[in-house]
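Visitor: So I've got this file, my_file.txt, and it contains compact mmCIF, C-alpha atoms and all ligand atoms:
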# COMPACT_ATOMS: atom_id res chain seq x y z
CA MET T 1 18.11 -11.55 21.17
CA ALA T 2 18.06 -10.43 17.56
CA GLN T 3 15.88 -7.41 17.30
CA VAL T 4 16.96 -5.03 14.54
CA ARG T 5 16.51 -1.32 15.06
CA LEU T 6 16.78 1.52 12.58
CA ASP T 7 16.92 4.90 14.26
CA LYS T 8 16.32 7.92 11.99
CA VAL T 9 18.22 6.31 9.13
CA TRP T 10 18.95 8.26 5.95
CA LYS T 11 20.63 7.28 2.71
CA VAL T 12 21.61 10.07 0.36
CA PHE T 13 23.35 8.94 -2.83
CA PRO T 14 25.65 11.27 -4.78
CA GLY T 15 23.62 13.82 -6.70
CA GLU T 16 21.40 14.46 -3.65
CA VAL T 17 19.28 11.36 -4.31
CA GLU T 18 17.46 10.85 -1.00
CA ALA T 19 16.74 7.12 -1.29
CA VAL T 20 15.82 6.55 2.39
CA LYS T 21 14.48 9.32 4.60
CA ASP T 22 14.40 9.26 8.36
CA VAL T 23 13.40 5.61 8.67
CA GLU T 24 12.44 4.57 12.21
CA LEU T 25 11.76 0.89 12.44
CA ASP T 26 11.89 -1.63 15.28
CA ILE T 27 11.98 -5.21 14.11
CA ARG T 28 11.30 -7.49 17.04
CA ASP T 29 13.19 -10.61 17.96
CA ARG T 30 11.87 -13.50 15.78
CA GLU T 31 9.61 -11.24 13.81
CA PHE T 32 9.00 -11.62 10.07
CA MET T 33 9.07 -8.02 8.82
CA VAL T 34 8.29 -7.31 5.18
CA LEU T 35 9.48 -4.10 3.52
CA VAL T 36 7.19 -3.48 0.57
CA GLY T 37 6.70 -0.69 -1.95
CA PRO T 38 6.96 0.14 -5.64
CA SER T 39 10.23 0.16 -7.55
CA GLY T 40 12.60 2.85 -6.31
CA CYS T 41 10.92 3.35 -2.91
CA GLY T 42 14.17 2.58 -1.06
CA LYS T 43 13.41 -0.88 0.31
CA SER T 44 16.56 -2.58 -1.03
CA THR T 45 18.74 0.30 0.11
CA THR T 46 17.25 0.01 3.60
CA LEU T 47 17.99 -3.72 3.72
CA ARG T 48 21.48 -3.21 2.35
CA MET T 49 22.23 -0.72 5.12
CA VAL T 50 21.22 -3.35 7.70
CA ALA T 51 23.45 -5.87 5.90
CA GLY T 52 26.36 -3.41 5.82
CA LEU T 53 26.49 -3.39 2.03
CA GLU T 54 25.59 0.27 1.85
CA GLU T 55 27.02 3.04 4.01
CA ILE T 56 24.55 4.83 6.28
CA THR T 57 24.44 8.58 5.56
CA ARG T 58 22.80 9.53 8.88
CA GLY T 59 21.15 7.64 11.74
CA ASP T 60 21.93 4.39 13.52
CA VAL T 61 21.39 0.68 12.95
CA TYR T 62 21.41 -1.82 15.82
CA ILE T 63 21.39 -5.61 15.57
CA GLY T 64 20.61 -7.09 18.96
CA ASP T 65 22.17 -4.61 21.35
CA ARG T 66 25.06 -3.84 19.04
CA HIS T 67 25.47 -0.57 17.18
CA VAL T 68 26.60 -1.84 13.77
CA ASN T 69 27.09 1.27 11.61
CA ASP T 70 30.82 0.63 11.45
CA VAL T 71 30.78 -3.17 11.70
CA PRO T 72 31.73 -4.90 8.41
CA PRO T 73 29.03 -7.18 6.88
CA LYS T 74 30.77 -10.43 7.79
CA ASN T 75 30.79 -9.51 11.47
CA ARG T 76 27.13 -8.48 11.71
CA ASP T 77 25.81 -11.99 12.37
CA ILE T 78 23.29 -11.76 9.56
CA ALA T 79 22.81 -13.80 6.38
CA MET T 80 21.38 -12.41 3.19
CA VAL T 81 19.57 -14.20 0.38
CA PHE T 82 19.66 -12.33 -2.93
CA GLN T 83 17.31 -12.24 -5.90
CA ASN T 84 19.95 -13.78 -8.21
CA TYR T 85 20.97 -16.39 -5.57
CA ALA T 86 24.68 -15.51 -6.07
CA LEU T 87 25.77 -19.18 -6.08
CA TYR T 88 29.31 -20.20 -7.09
CA PRO T 89 28.79 -22.01 -10.41
CA HIS T 90 31.92 -24.18 -10.18
CA MET T 91 31.07 -25.51 -6.69
CA SER T 92 28.70 -28.32 -5.78
CA VAL T 93 25.59 -27.63 -3.72
CA TYR T 94 27.44 -29.01 -0.69
CA LYS T 95 30.41 -26.71 -1.21
CA ASN T 96 28.19 -23.71 -1.88
CA MET T 97 26.49 -24.27 1.44
CA ALA T 98 29.70 -25.05 3.31
CA PHE T 99 31.69 -22.13 1.90
CA GLY T 100 30.78 -19.46 4.47
CA LEU T 101 31.51 -21.80 7.37
CA LYS T 102 34.84 -22.83 5.88
CA LEU T 103 35.86 -19.19 5.56
CA ARG T 104 35.06 -18.79 9.23
CA LYS T 105 37.22 -21.84 9.96
CA TYR T 106 34.52 -24.05 11.45
CA PRO T 107 35.69 -27.64 12.10
CA GLY T 108 34.90 -30.05 9.24
CA GLU T 109 32.56 -32.19 11.34
CA GLU T 110 30.48 -29.19 12.38
CA ILE T 111 30.28 -27.99 8.77
CA ASP T 112 29.16 -31.43 7.62
CA ARG T 113 26.50 -31.64 10.31
CA ARG T 114 25.09 -28.19 9.54
CA VAL T 115 25.06 -28.69 5.76
CA HIS T 116 23.22 -32.00 6.09
CA GLU T 117 20.77 -30.49 8.55
CA ALA T 118 20.00 -27.57 6.20
CA ALA T 119 19.76 -29.91 3.20
CA GLU T 120 17.27 -32.00 5.13
CA ILE T 121 15.12 -28.98 6.01
CA LEU T 122 15.14 -27.78 2.40
CA GLY T 123 14.73 -31.13 0.65
CA LEU T 124 18.18 -30.90 -0.96
CA THR T 125 19.75 -34.06 0.46
CA GLY T 126 19.71 -35.81 -2.93
CA TYR T 127 21.32 -32.87 -4.71
CA LEU T 128 24.41 -32.14 -2.62
CA GLU T 129 26.91 -33.23 -5.28
CA ARG T 130 25.26 -31.36 -8.15
CA LYS T 131 26.49 -28.08 -9.59
CA PRO T 132 24.02 -25.15 -9.63
CA LYS T 133 23.56 -25.34 -13.41
CA ALA T 134 22.07 -28.83 -13.00
CA LEU T 135 19.33 -27.51 -10.69
CA SER T 136 15.94 -25.94 -11.34
CA GLY T 137 15.30 -22.30 -10.37
CA GLY T 138 13.46 -23.35 -7.24
CA GLN T 139 16.28 -25.69 -6.17
CA ARG T 140 18.89 -22.97 -6.72
CA GLN T 141 16.80 -20.69 -4.60
CA ARG T 142 16.77 -23.32 -1.85
CA VAL T 143 20.56 -23.63 -2.00
CA ALA T 144 20.80 -19.87 -1.53
CA VAL T 145 18.54 -20.18 1.52
CA GLY T 146 20.55 -23.19 2.72
CA ARG T 147 23.74 -21.17 2.59
CA ALA T 148 22.10 -18.67 4.90
CA ILE T 149 20.66 -21.30 7.29
CA VAL T 150 23.97 -23.08 7.96
CA ARG T 151 25.37 -19.89 9.41
CA LYS T 152 22.67 -19.82 12.13
CA PRO T 153 22.62 -16.03 11.95
CA ALA T 154 20.88 -13.66 14.34
CA ALA T 155 18.76 -12.40 11.45
CA PHE T 156 18.00 -13.36 7.86
CA LEU T 157 17.70 -10.71 5.19
CA PHE T 158 15.88 -11.52 1.94
CA ASP T 159 16.03 -9.23 -1.09
CA GLU T 160 13.22 -10.19 -3.50
CA PRO T 161 14.27 -13.86 -3.32
CA LEU T 162 11.37 -15.17 -5.39
CA SER T 163 11.24 -12.71 -8.26
CA ASN T 164 13.19 -14.93 -10.68
CA LEU T 165 10.77 -17.84 -10.30
CA ASP T 166 7.66 -18.51 -12.36
CA ALA T 167 4.29 -17.75 -10.81
CA LYS T 168 3.52 -21.28 -9.61
CA LEU T 169 6.92 -21.89 -8.07
CA ARG T 170 6.79 -18.49 -6.43
CA VAL T 171 3.62 -19.46 -4.58
CA GLN T 172 5.19 -22.77 -3.53
CA MET T 173 8.42 -21.17 -2.30
CA ARG T 174 6.43 -18.52 -0.47
CA THR T 175 4.84 -21.26 1.61
CA GLU T 176 8.26 -22.83 2.18
CA ILE T 177 9.73 -19.58 3.44
CA SER T 178 6.79 -19.19 5.78
CA LYS T 179 7.35 -22.72 7.14
CA LEU T 180 11.04 -22.00 7.45
CA HIS T 181 10.32 -19.00 9.61
CA THR T 182 8.16 -21.10 11.90
CA ARG T 183 10.80 -23.80 12.07
CA LEU T 184 13.88 -21.62 12.58
CA ASN T 185 12.09 -19.11 14.75
CA SER T 186 14.48 -16.32 13.84
CA THR T 187 14.23 -12.69 12.86
CA MET T 188 13.63 -12.21 9.14
CA ILE T 189 13.53 -9.03 7.09
CA TYR T 190 12.10 -9.54 3.64
CA VAL T 191 12.02 -7.07 0.75
CA THR T 192 9.45 -7.38 -2.02
CA HIS T 193 7.38 -5.23 -4.36
CA ASP T 194 4.65 -7.89 -4.33
CA GLN T 195 1.80 -7.01 -2.00
CA VAL T 196 0.54 -10.61 -1.93
CA GLU T 197 3.92 -11.82 -0.63
CA ALA T 198 3.83 -9.03 1.92
CA MET T 199 0.34 -9.91 3.11
CA THR T 200 0.95 -13.66 3.32
CA LEU T 201 4.45 -13.68 4.83
CA GLY T 202 4.67 -10.72 7.17
CA ASP T 203 4.01 -10.69 10.89
CA ARG T 204 4.12 -6.99 10.16
CA ILE T 205 4.48 -5.01 6.97
CA CYS T 206 6.35 -1.76 6.47
CA VAL T 207 5.03 0.11 3.41
CA LEU T 208 7.51 2.53 1.83
CA LYS T 209 7.10 5.21 -0.83
CA ASP T 210 9.74 7.67 -2.03
CA GLY T 211 12.07 6.63 0.80
CA LEU T 212 9.48 7.37 3.49
CA ILE T 213 7.64 4.93 5.72
CA GLN T 214 3.90 5.18 5.05
CA GLN T 215 2.66 2.65 7.60
CA VAL T 216 3.95 -0.20 9.76
CA ALA T 217 1.33 -2.66 10.97
CA GLU T 218 0.05 -6.23 10.84
CA PRO T 219 -1.22 -7.30 7.40
CA MET T 220 -4.93 -7.23 8.23
CA GLU T 221 -4.59 -3.90 9.99
CA ILE T 222 -3.01 -2.45 6.85
CA TYR T 223 -5.77 -3.96 4.73
CA ARG T 224 -8.60 -2.77 6.98
CA ASN T 225 -7.22 0.55 8.16
CA PRO T 226 -4.76 1.93 5.61
CA ALA T 227 -3.18 5.15 6.86
CA ASN T 228 -3.44 6.94 3.54
CA LYS T 229 -4.60 6.64 -0.06
CA PHE T 230 -1.26 5.29 -1.25
CA VAL T 231 -1.29 2.34 1.19
CA ALA T 232 -4.98 1.75 0.45
CA GLY T 233 -4.29 1.50 -3.28
CA PHE T 234 -1.09 -0.53 -2.95
CA ILE T 235 -2.35 -3.33 -0.70
CA GLY T 236 -5.22 -5.41 -2.12
CA SER T 237 -5.94 -6.87 -5.53
CA PRO T 238 -7.78 -5.71 -7.58
CA PRO T 239 -6.92 -2.40 -5.93
CA MET T 240 -9.30 -0.25 -3.93
CA ASN T 241 -11.69 1.96 -5.96
CA PHE T 242 -11.42 5.70 -5.42
CA PHE T 243 -14.14 8.27 -6.10
CA ASP T 244 -13.47 11.99 -5.80
CA GLY T 245 -16.28 14.01 -4.29
CA GLU T 246 -17.18 15.91 -1.14
CA LEU T 247 -18.78 15.45 2.23
CA GLU T 248 -22.17 17.10 2.30
CA GLN T 249 -24.36 17.84 5.30
CA THR T 250 -28.02 17.15 4.38
CA PRO T 251 -31.22 17.00 6.46
CA GLU T 252 -30.90 13.19 6.28
CA GLY T 253 -27.38 13.27 7.67
CA LEU T 254 -23.81 13.36 6.35
CA MET T 255 -23.51 12.13 2.74
CA PHE T 256 -20.67 11.46 0.34
CA ASN T 257 -21.49 13.40 -2.81
CA GLY T 258 -19.76 11.77 -5.77
CA TYR T 259 -21.45 14.32 -8.08
CA ASP T 260 -23.38 11.72 -10.08
CA PHE T 261 -24.45 9.73 -7.02
CA LYS T 262 -24.82 10.35 -3.32
CA LEU T 263 -24.25 7.86 -0.51
CA ALA T 264 -25.47 8.19 3.05
CA LEU T 265 -22.63 7.40 5.46
CA SER T 266 -23.15 5.11 8.43
CA SER T 267 -23.89 6.69 11.79
CA ARG T 268 -20.38 5.81 13.00
CA GLN T 269 -18.77 7.42 9.96
CA ALA T 270 -21.04 10.47 10.18
CA ALA T 271 -20.11 10.98 13.83
CA GLU T 272 -16.38 10.72 13.12
CA LEU T 273 -16.51 12.95 10.03
CA GLN T 274 -18.91 15.62 11.25
CA SER T 275 -16.23 18.28 11.55
CA HIS T 276 -15.16 17.66 7.94
CA ALA T 277 -18.55 18.48 6.34
CA GLY T 278 -18.03 20.46 3.13
CA ARG T 279 -14.52 19.10 2.62
CA GLU T 280 -13.27 17.68 -0.70
CA VAL T 281 -12.48 14.04 -0.12
CA THR T 282 -11.73 10.77 -1.87
CA PHE T 283 -14.08 7.90 -1.09
CA GLY T 284 -12.39 4.48 -1.17
CA ILE T 285 -14.08 1.10 -1.36
CA ARG T 286 -12.59 -2.30 -2.08
CA PRO T 287 -13.92 -4.35 -5.04
CA GLU T 288 -14.98 -7.12 -2.63
CA ASP T 289 -17.16 -4.66 -0.70
CA ILE T 290 -19.35 -3.99 -3.73
CA LYS T 291 -22.10 -6.49 -4.55
CA ASP T 292 -24.62 -6.86 -7.31
CA ALA T 293 -27.74 -5.63 -5.50
CA VAL T 294 -29.82 -8.50 -6.88
CA TYR T 295 -27.77 -10.90 -4.77
CA ALA T 296 -27.15 -8.60 -1.81
CA SER T 297 -30.62 -8.07 -0.39
CA GLY T 298 -30.70 -7.75 3.36
CA GLU T 299 -27.10 -6.52 3.66
CA SER T 300 -26.92 -4.08 6.53
CA GLU T 301 -25.46 -0.61 6.06
CA ALA T 302 -25.42 -1.03 2.29
CA GLN T 303 -25.97 1.86 -0.11
CA GLN T 304 -26.86 1.50 -3.74
CA ILE T 305 -25.67 3.07 -6.96
CA THR T 306 -26.53 2.28 -10.56
CA ALA T 307 -23.70 1.66 -13.01
CA ARG T 308 -23.12 0.27 -16.47
CA VAL T 309 -21.31 -3.05 -16.88
CA GLU T 310 -18.35 -2.45 -19.22
CA VAL T 311 -16.47 -5.76 -18.97
CA VAL T 312 -17.16 -9.08 -17.24
CA GLU T 313 -14.17 -11.26 -16.33
CA PRO T 314 -15.22 -14.69 -15.08
CA MET T 315 -12.38 -16.17 -13.00
CA GLY T 316 -14.19 -19.33 -11.86
CA SER T 317 -14.67 -18.85 -8.14
CA GLU T 318 -15.27 -15.13 -8.61
CA THR T 319 -16.20 -12.66 -11.32
CA ILE T 320 -14.56 -9.27 -11.79
CA LEU T 321 -16.93 -6.59 -13.07
CA TYR T 322 -15.63 -3.36 -14.63
CA LEU T 323 -18.30 -0.72 -14.14
CA SER T 324 -18.89 2.94 -14.83
CA THR T 325 -21.16 5.81 -13.96
CA GLU T 326 -21.04 9.07 -15.89
CA ARG T 327 -18.04 10.35 -13.90
CA HIS T 328 -16.49 7.30 -12.31
CA SER T 329 -15.05 3.92 -13.29
CA PHE T 330 -14.71 1.16 -10.75
CA VAL T 331 -14.31 -2.57 -10.20
CA ALA T 332 -16.41 -5.07 -8.24
CA ARG T 333 -15.40 -8.58 -7.23
CA VAL T 334 -18.52 -10.74 -6.98
CA GLU T 335 -19.38 -14.45 -6.71
CA GLY T 336 -18.42 -16.58 -9.69
CA THR T 337 -22.06 -17.49 -10.23
CA GLU T 338 -22.99 -13.85 -10.85
CA ASN T 339 -22.70 -12.95 -14.49
CA PRO T 340 -24.53 -9.81 -15.60
CA GLY T 341 -24.57 -8.92 -19.30
CA VAL T 342 -22.19 -6.36 -20.78
CA ASN T 343 -23.68 -2.88 -21.41
CA GLN T 344 -26.44 -3.54 -18.92
CA ASP T 345 -27.22 -1.01 -16.18
CA ILE T 346 -27.21 -2.76 -12.81
CA LYS T 347 -27.70 -1.74 -9.22
CA LEU T 348 -24.79 -2.26 -6.86
CA SER T 349 -24.78 -2.38 -3.10
CA LEU T 350 -21.77 -0.74 -1.45
CA MET T 351 -20.90 -1.93 2.05
CA ILE T 352 -20.76 1.59 3.29
CA ASP T 353 -19.40 0.78 6.72
CA ARG T 354 -16.25 -0.64 5.11
CA ALA T 355 -15.62 2.48 3.03
CA HIS T 356 -12.62 4.74 3.62
CA ILE T 357 -12.57 8.51 3.38
CA PHE T 358 -9.32 10.29 2.54
CA ASP T 359 -8.61 14.00 2.58
CA ARG T 360 -8.29 14.97 -1.09
CA GLU T 361 -5.27 17.15 -0.60
CA SER T 362 -3.17 15.38 2.05
CA GLU T 363 -4.48 11.90 1.05
CA GLN T 364 -4.45 10.92 4.74
CA ALA T 365 -7.27 8.68 5.98
CA LEU T 366 -9.94 10.64 7.82
CA ILE T 367 -11.58 7.41 8.97
P1 LIG W 401 13.51 -1.97 -6.77
O1 LIG W 401 12.28 -2.69 -6.35
O2 LIG W 401 13.42 -1.44 -8.17
O3 LIG W 401 14.79 -2.69 -6.46
P2 LIG W 401 13.83 -0.37 -4.37
O4 LIG W 401 12.61 0.07 -3.71
O5 LIG W 401 14.58 -1.49 -3.80
O6 LIG W 401 13.57 -0.59 -5.91
P3 LIG W 401 16.29 1.08 -4.13
O7 LIG W 401 17.08 0.13 -4.97
O8 LIG W 401 16.49 1.05 -2.67
O9 LIG W 401 14.74 0.94 -4.43
O10 LIG W 401 16.56 2.55 -4.66
C1 LIG W 401 16.00 3.71 -4.07
C2 LIG W 401 16.39 4.94 -4.85
O11 LIG W 401 17.78 5.15 -4.77
C3 LIG W 401 16.07 4.89 -6.33
O12 LIG W 401 15.60 6.14 -6.73
C4 LIG W 401 17.38 4.54 -6.96
O13 LIG W 401 17.44 5.03 -8.27
C5 LIG W 401 18.36 5.22 -6.05
N1 LIG W 401 19.65 4.54 -6.01
C6 LIG W 401 19.89 3.25 -5.64
N2 LIG W 401 21.20 2.96 -5.69
C7 LIG W 401 21.83 4.10 -6.09
C8 LIG W 401 23.18 4.45 -6.34
N3 LIG W 401 24.19 3.58 -6.15
N4 LIG W 401 23.43 5.73 -6.74
C9 LIG W 401 22.45 6.63 -6.91
N5 LIG W 401 21.14 6.35 -6.70
C10 LIG W 401 20.83 5.12 -6.30
As a first step, turn the structure in this file into structure tokens.

Guide:
Amino acid sequence: MAQVRLDKVWKVFPGEVEAVKDVELDIRDREFMVLVGPSGCGKSTTLRMVAGLEEITRGDVYIGDRHVNDVPPKNRDIAMVFQNYALYPHMSVYKNMAFGLKLRKYPGEEIDRRVHEAAEILGLTGYLERKPKALSGGQRQRVAVGRAIVRKPAAFLFDEPLSNLDAKLRVQMRTEISKLHTRLNSTMIYVTHDQVEAMTLGDRICVLKDGLIQQVAEPMEIYRNPANKFVAGFIGSPPMNFFDGELEQTPEGLMFNGYDFKLALSSRQAAELQSHAGREVTFGIRPEDIKDAVYASGESEAQQITARVEVVEPMGSETILYLSTERHSFVARVEGTENPGVNQDIKLSLMIDRAHIFDRESEQALI
């Protein structure tokens, strides 16, 4: 079993820098857990504490059933893949991959078998005698992964392994890492600041901000039911639109009053939000849940607002519209065939039942 457990883990750097605060996280055996968040949120520090590369200020880390706080990195039965690959430049691909096993005094035959097996999995068989400098970025990245695979560790730790690759290669390697997880069927903890990597790779995602866990859930759960405004704005591209306003009780029912437009909430939302009538809130709606009303007739639970088209960005399969009302600016993601003129006023249908309402002050989701 290779579950990894962090129990109330803190990291305080000198100068009272609280990089990781009270992190409670259970990573299940064979799970692909992604730690995601903006720069400085503490994700690398968290991973490095699991790896044993950073001392734990308070709290406990367990790998399998073992308490590992005081276990040196080499005895933790984990393998880490770094952003810069950390390959030995003077060694061949073969020797780079074999190095860790040699240190651990594995028999030559076993080393040879494991290196060839890993090379086969990663498509590196033809490159074993090359030095790292004679490889492309993607191939170097594979060697770094290969060096981890040969160890057959209880868990793999990845620290932004794709961030040095160009956009196309990054997408390709992302798929390869996903396949690798299926094939090796082992526990993986993966750090990234890229929400697309998080969404596509993770069995579950842990979103961090300022050293604090914001939400831990499956990707679609995070996308559909973000716990707060930060998570809502961080996951999804283009990001969710936010409108400040208030909840207003009217004879027609509970409305969101955005000051220059009003939207009737669905009966479900009204029922759940009844006790919050009069409260200052932030209304959140994703760009893909806003349609040009001309093309959206018959949509159920839709509400309309009129806005001016500021910019039209045709992307081929979809078009991104930048829109504004007197008080608000927002973005809609519509079909590629829809192409309204700039400076035109158009009607937009908002899929009201998919909207989110956050408390303005605490920024926690109310629904
Ligand atoms: P990035 O994506 O930029 O790598 P991150 O989310 O991985 O960021 P960490 O590297 O874990 O963030 O850093 C978390 C916080 O701890 C930051 O505020 C950082 O400045 C601080 N920090 C990291 N290492 C040290 C250190 N050795 N001494 C003092 N502060 C540190």

Visitor: Can you pull out every residue with an atom within 10 Å of ligand LIG 401 (chain W)? Use all atoms listed in the file and format it as number ranges by chain.

Guide: T: 11-20, 35-49, 54, 83, 159-160, 191-194, 208-211

Visitor: Of the candidates T:Ser349, T:Arg360, T:Asp289, T:Phe261, which one gets nearest to Ala302 (chain T) if we count only C-alpha atoms?

Guide: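 Nearest to Ala302 (chain T): T:Ser349.
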
Visitor: Arg333 (chain T): which residues within 9 Å, counting only C-alpha atoms, same-chain residues fewer than 5 positions away excluded, as a list of chain:residue names?

Guide: T:Pro238, T:Arg286, T:Pro287, T:Glu288, T:Asp289, T:Ile290, T:Lys291, T:Glu318, T:Thr319, T:Ile320, T:Leu321

Visitor: Between CA of Leu254 (chain T) and CA of Ser362 (chain T), what distance in Å does the model show, to one decimal?

Guide: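 Rounded to one decimal, the two atoms are 21.2 Å apart.
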
Visitor: Between T:Asp260, T:Glu361, T:Glu335, T:Asp292, which is the closest to Arg279 (chain T) once you count all atoms listed in the file?

Guide: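 Smallest distance to Arg279 (chain T) is found for T:Glu361.
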
Visitor: I need every residue sitting at most 8 Å from the point (-7.3, 4.7, 5.5) (coordinates as in the file, only C-alpha atoms considered), written as a compact mmCIF listing (two decimals) with C-alpha atoms, keeping the file's coordinate frame.

Guide:
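selection_22.txt, written as the output of this step:
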# COMPACT_ATOMS: atom_id res chain seq x y z
CA ARG T 224 -8.60 -2.77 6.98
CA ASN T 225 -7.22 0.55 8.16
CA PRO T 226 -4.76 1.93 5.61
CA ALA T 227 -3.18 5.15 6.86
CA ASN T 228 -3.44 6.94 3.54
CA LYS T 229 -4.60 6.64 -0.06
CA VAL T 231 -1.29 2.34 1.19
CA ALA T 232 -4.98 1.75 0.45
CA HIS T 356 -12.62 4.74 3.62
CA ILE T 357 -12.57 8.51 3.38
CA PHE T 358 -9.32 10.29 2.54
CA GLN T 364 -4.45 10.92 4.74
CA ALA T 365 -7.27 8.68 5.98
CA LEU T 366 -9.94 10.64 7.82
CA ILE T 367 -11.58 7.41 8.97

Visitor: Go ahead and compute the interatomic distance for CA of Val312 (chain T) and CA of Gly236 (chain T), in Å to one decimal.

Guide: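 These atoms are spaced 19.6 Å apart.
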